Number of protein chains: 2
Amino acid sequence: MTDITMIRAAAARLAGHARRTPLLSSPFLDEIAGRRVFVKPECLQHTGSFKYRGARAAVSALDEGTRARGVIAFSSGNHAQGVALAARQFGVPSVIIMPADAPRMKIDNTRALGAEVVLYDRATEDRDAIGAALSSERGLTLIKPYDEPEVIAGQGSVGLEIAEDAAAMGITRADVLVCCGGGGLTSGIALALEAEGPGLRARPCEPEEFDDVTRSLASGQVMRNARTSGSLCDAIVTPQPGNITFPILRRLCGPGLVVSEDEALHAVALAFARLKLVAEPGGAVALAAALFRRDEIEGDAVFVTISGGNVDADVFQSALTRFA
Amino acid sequence: MTDITMIRAAAARLAGHARRTPLLSSPFLDEIAGRRVFVKPECLQHTGSFKYRGARAAVSALDEGTRARGVIAFSSGNHAQGVALAARQFGVPSVIIMPADAPRMKIDNTRALGAEVVLYDRATEDRDAIGAALSSERGLTLIKPYDEPEVIAGQGSVGLEIAEDAAAMGITRADVLVCCGGGGLTSGIALALEAEGPGLRARPCEPEEFDDVTRSLASGQVMRNARTSGSLCDAIVTPQPGNITFPILRRLCGPGLVVSEDEALHAVALAFARLKLVAEPGGAVALAAALFRRDEIEGDAVFVTISGGNVDADVFQSALTRFA
């Protein structure tokens, strides 16, 4: 299981590869939020999301012989690109199983990063069977998107950086708002903060109707979403909390925060205007929570992750049209 | 006159105040450019542009008594916000003289940063007379946007950071492309590189029809632009090179690079898609030069400044509609 030793080891392997993202801020956002807001822009990470950290941490943790045979992942989005880039950097093959109806740009990007993309028909084909056949045939190692200890350890490097920067600013108590899907980033950050910033508290942030983690934390047991598609915040939508991540979240996190899609889009527009950052809607839910759920947050400073920026131009434009 | 000692002193005064911006990159941009492209995103600087560096350097260089009486600047854009924020941080008054037809958002932002904004009518009023009257009445110190040694020194801190990061990557020879208006940023960077990265060469980048610096460098004497308004790249349009900056540019810079407005907008769209950054058109001309003038650039790596990100939503959306 992931612990602080694994996180520190992952961070050491990521040094010089993953970007050490800065903390950004704006007096205009502070005013809306009613407290100081420090934004961790993982949209500036390689491949445009934090997923590269976990992917590279997992690929780099494999023994050389295993890694040389290659890796495989199921993903229609950010995890795909993270795994593809990490594999390419090690000079090993990667296979990404993507639904044939995934956005063309994400398929193209994943291919351009050197992955072999295998498309399947969601209606008629079984992606797990396709993946299993390819894996056994070629000896590929599956890199899961969140329920994988080394992936969680890699995402935890975000928490180490937040803890270090908070300490440098003299901030010892604050909520750390994290965009949450399966919980890999949130659980990794929570573990890092437990060790390195014990007065900092990770809190998962989710969009309405896809708030499985928030409801699961409230009830104490794993709850599912009624649906898993149809959200503009698709990057952070999963059926339910992970089997490995949920116990970590339950032990360490504060209550979840839930925002509407419109609030996420509003946060996208404010990140454009005030931070000069491109955030995807799912990557902006934590910022939305900081701005629009101020009464649910404690302390005079809050940390916010922007988890990714892989948004199509038309979605981004609609956010600006409505809220900029 | 600005020299490396002044630049180092300015950088020391900026430490802990100006953001130490990272270098960003994307394999997709490298492919278009035909070489490695390292982007210095000063759009992420406080107030959304590098101008904060020079403004704070100049305000912090004043003796306490002078500073306490306040500062004044003429600006319709980025310099205004930089001076306003720097003055507020020192708790001293700032007056910004802005044309009444400046974009409402820039006026509002400058006021929100604590400045007293004095509007004048471009057609009927003399801004210099208004500024001179206010200055003598209140004892305000004028902070010029580029033809001011301490401002150039502050902008030079960008060059120190580029030199340091280039050395850390083992890059000893490369062009450094700089978005160039009056030449404050370009001359500051050029002076810093002369001392700290002598194999790195600053090159001014400008939009077509507003390429006064490029033409001046080619002819060896100061040339003016035929007009000074009507460009989407308004942030970097000035009548002619500065009196202080031009001799520095002439002594140290390589030839200028000129791109079209459409190329600048294309670069805005690519910064959105590949870097997750919001660049203003004027702030994207150096990136455009790296991407679309590859034959005019030397070496297997190039450094690029994105000088600012203060772009209206409608201009940004039009860039995405046309080029994303």
# chains A, B, ... in the order shown; residues from 1 in each chain; ligands from 1
>>> select_by_dssp(residues="region 173-249 of chain B", states="strand (DSSP E or B)", output="JSON, numbers by chain")
{"B": [174, 175, 176, 177, 178, 179, 200, 201, 202, 203, 204, 205, 206, 207]}
>>> write_last_selection(atoms="N, CA and C atoms", output="tab-separated table (two decimals), in the first residue's frame")
chain	number	residue	atom	x	y	z
B	174	ALA	N	21.88	29.63	-28.03
B	174	ALA	CA	20.50	29.62	-28.51
B	174	ALA	C	20.03	31.05	-28.71
B	175	ASP	N	19.02	31.20	-29.56
B	175	ASP	CA	18.34	32.48	-29.68
B	175	ASP	C	17.28	32.59	-28.59
B	176	VAL	N	17.11	33.79	-28.08
B	176	VAL	CA	16.08	34.08	-27.07
B	176	VAL	C	15.14	35.10	-27.69
B	177	LEU	N	13.94	34.65	-28.03
B	177	LEU	CA	13.00	35.51	-28.76
B	177	LEU	C	12.14	36.28	-27.76
B	178	VAL	N	12.09	37.59	-27.95
B	178	VAL	CA	11.43	38.46	-26.97
B	178	VAL	C	10.39	39.33	-27.67
B	179	CYS	N	9.17	39.33	-27.15
B	179	CYS	CA	8.13	40.23	-27.65
B	179	CYS	C	8.57	41.65	-27.35
B	200	LEU	N	23.85	33.02	-25.50
B	200	LEU	CA	22.42	33.24	-25.76
B	200	LEU	C	22.24	34.64	-26.34
B	201	ARG	N	21.45	34.74	-27.37
B	201	ARG	CA	21.31	35.99	-28.10
B	201	ARG	C	19.86	36.46	-28.11
B	202	ALA	N	19.60	37.63	-27.56
B	202	ALA	CA	18.24	38.18	-27.55
B	202	ALA	C	17.87	38.66	-28.95
B	203	ARG	N	16.63	38.38	-29.35
B	203	ARG	CA	16.14	38.86	-30.64
B	203	ARG	C	14.73	39.40	-30.48
B	204	PRO	N	14.53	40.66	-30.84
B	204	PRO	CA	13.20	41.25	-30.71
B	204	PRO	C	12.23	40.68	-31.74
B	205	CYS	N	10.99	40.50	-31.33
B	205	CYS	CA	9.94	39.99	-32.21
B	205	CYS	C	8.80	40.99	-32.22
B	206	GLU	N	8.28	41.25	-33.41
B	206	GLU	CA	7.26	42.30	-33.56
B	206	GLU	C	6.22	41.89	-34.59
B	207	PRO	N	5.05	42.54	-34.51
B	207	PRO	CA	4.03	42.30	-35.54
B	207	PRO	C	4.29	43.15	-36.79
>>> residues_around(residues="Ala290 (chain B)", least_positions_apart="3", cutoff="8 Å", atoms="only C-alpha atoms", output="MDAnalysis selection string")
chainID B and resid 33 37 177 286:287 293:294 297 302 304
>>> write_last_selection(atoms="C-alpha atoms", output="short mmCIF file (atom, residue, chain, number, x, y, z; two decimals), in the first residue's frame")
data_model
loop_
_atom_site.label_atom_id
_atom_site.label_comp_id
_atom_site.auth_asym_id
_atom_site.auth_seq_id
_atom_site.Cartn_x
_atom_site.Cartn_y
_atom_site.Cartn_z
CA ALA B 33 9.40 24.64 -34.74
CA VAL B 37 11.16 25.34 -27.74
CA LEU B 177 13.00 35.51 -28.76
CA ALA B 286 7.81 35.55 -30.07
CA LEU B 287 6.16 32.13 -29.97
CA ARG B 293 10.09 31.66 -38.85
CA ARG B 294 12.17 28.56 -38.20
CA ILE B 297 16.49 31.06 -36.22
CA VAL B 302 15.14 28.33 -28.80
CA VAL B 304 10.59 32.24 -26.17
#
>>> closest_residue(among="B:Ala166, B:Val92, B:Met6, B:Val285", to="Leu23 (chain B)", atoms="only C-alpha atoms")
B:Ala166
>>> interface_residues(of="chain B", to="chain A", cutoff="7 Å", atoms="only C-alpha atoms", output="PyMOL selection string")
chain B and resi 43-44+48+272+275-278+309+313+317+320+324
>>> closest_residue(among="B:Gly181, B:Gly283, B:Gly54, B:Gly70", to="Lys40 (chain B)", atoms="only C-alpha atoms")
B:Gly283
>>> atom_distance(atom1="CA of Tyr52 (chain B)", atom2="CA of Ala167 (chain B)")
25.4 Å
>>> residues_around(residues="Val59 (chain B)", least_positions_apart="5", cutoff="9 Å", atoms="only C-alpha atoms", output="ChimeraX atom specification")
/B:54,67,71,83,86-87,90,143,150-151
>>> write_last_selection(atoms="N, CA and C atoms", output="JSON list (two decimals), in the first residue's frame")
[["chain", "number", "residue", "atom", "x", "y", "z"],
["B", 54, "GLY", "N", 9.39, 45.23, -13.79],
["B", 54, "GLY", "CA", 10.00, 46.54, -13.95],
["B", 54, "GLY", "C", 9.37, 47.59, -13.05],
["B", 67, "ARG", "N", 9.23, 57.85, -2.42],
["B", 67, "ARG", "CA", 8.20, 56.85, -2.68],
["B", 67, "ARG", "C", 6.91, 57.16, -1.94],
["B", 71, "VAL", "N", 3.50, 57.56, -6.91],
["B", 71, "VAL", "CA", 4.03, 57.42, -8.27],
["B", 71, "VAL", "C", 2.93, 57.68, -9.28],
["B", 83, "VAL", "N", 2.37, 48.98, -12.13],
["B", 83, "VAL", "CA", 2.67, 50.10, -11.24],
["B", 83, "VAL", "C", 1.65, 50.15, -10.10],
["B", 86, "ALA", "N", 2.49, 47.36, -7.57],
["B", 86, "ALA", "CA", 3.74, 47.64, -6.86],
["B", 86, "ALA", "C", 3.54, 48.75, -5.83],
["B", 87, "ALA", "N", 2.83, 49.79, -6.22],
["B", 87, "ALA", "CA", 2.59, 50.90, -5.29],
["B", 87, "ALA", "C", 1.75, 50.42, -4.11],
["B", 90, "PHE", "N", 3.68, 48.67, -1.49],
["B", 90, "PHE", "CA", 4.48, 49.55, -0.63],
["B", 90, "PHE", "C", 3.60, 50.50, 0.18],
["B", 143, "ILE", "N", 6.89, 56.89, -13.36],
["B", 143, "ILE", "CA", 7.50, 55.59, -13.69],
["B", 143, "ILE", "C", 7.23, 55.35, -15.17],
["B", 150, "GLU", "N", 15.84, 51.69, -14.08],
["B", 150, "GLU", "CA", 15.42, 50.70, -13.08],
["B", 150, "GLU", "C", 14.33, 49.78, -13.62],
["B", 151, "VAL", "N", 13.51, 50.29, -14.53],
["B", 151, "VAL", "CA", 12.50, 49.42, -15.17],
["B", 151, "VAL", "C", 13.20, 48.38, -16.03]]
>>> atom_distance(atom1="CA of Ala289 (chain B)", atom2="CA of Asp108 (chain A)")
25.4 Å
>>> residues_around(residues="Leu140 (chain B)", least_positions_apart="2", cutoff="8 Å", atoms="only C-alpha atoms", output="PyMOL selection string")
chain B and resi 66+69-72+134-136+138+142
>>> closest_residue(among="A:Arg111, A:Ala192, A:Thr141, A:Cys180", to="Thr5 (chain A)", atoms="only C-alpha atoms")
A:Ala192
>>> select_by_dssp(residues="region 72-297 of chain B", states="alpha helix (DSSP H)", output="number ranges by chain")
B: 78-90, 104-112, 127-138, 149-168, 184-196, 212-219, 245-252, 261-270, 285-292
>>> residues_around(residues="Gly154 (chain B)", least_positions_apart="2", cutoff="7 Å", atoms="only C-alpha atoms", output="PyMOL selection string")
chain B and resi 7+10-11+53-54+57+150-152+156-157
>>> write_last_selection(atoms="C-alpha atoms", output="PDB file, in the first residue's frame")
ATOM      1  CA  ILE B   7      19.885  43.954 -12.870  1.00  0.00           C
ATOM      2  CA  ALA B  10      16.716  44.546  -9.033  1.00  0.00           C
ATOM      3  CA  ALA B  11      16.368  40.749  -9.078  1.00  0.00           C
ATOM      4  CA  ARG B  53       8.854  43.205 -12.592  1.00  0.00           C
ATOM      5  CA  GLY B  54      10.001  46.544 -13.950  1.00  0.00           C
ATOM      6  CA  ALA B  57      11.947  47.270  -9.425  1.00  0.00           C
ATOM      7  CA  GLU B 150      15.420  50.697 -13.084  1.00  0.00           C
ATOM      8  CA  VAL B 151      12.503  49.423 -15.165  1.00  0.00           C
ATOM      9  CA  ILE B 152      14.942  47.876 -17.638  1.00  0.00           C
ATOM     10  CA  GLY B 156      16.326  42.013 -16.974  1.00  0.00           C
ATOM     11  CA  SER B 157      15.505  39.584 -14.167  1.00  0.00           C
TER      12      SER B 157
END
>>> atom_distance(atom1="CA of Gly299 (chain B)", atom2="CA of Arg173 (chain B)")
7.0 Å
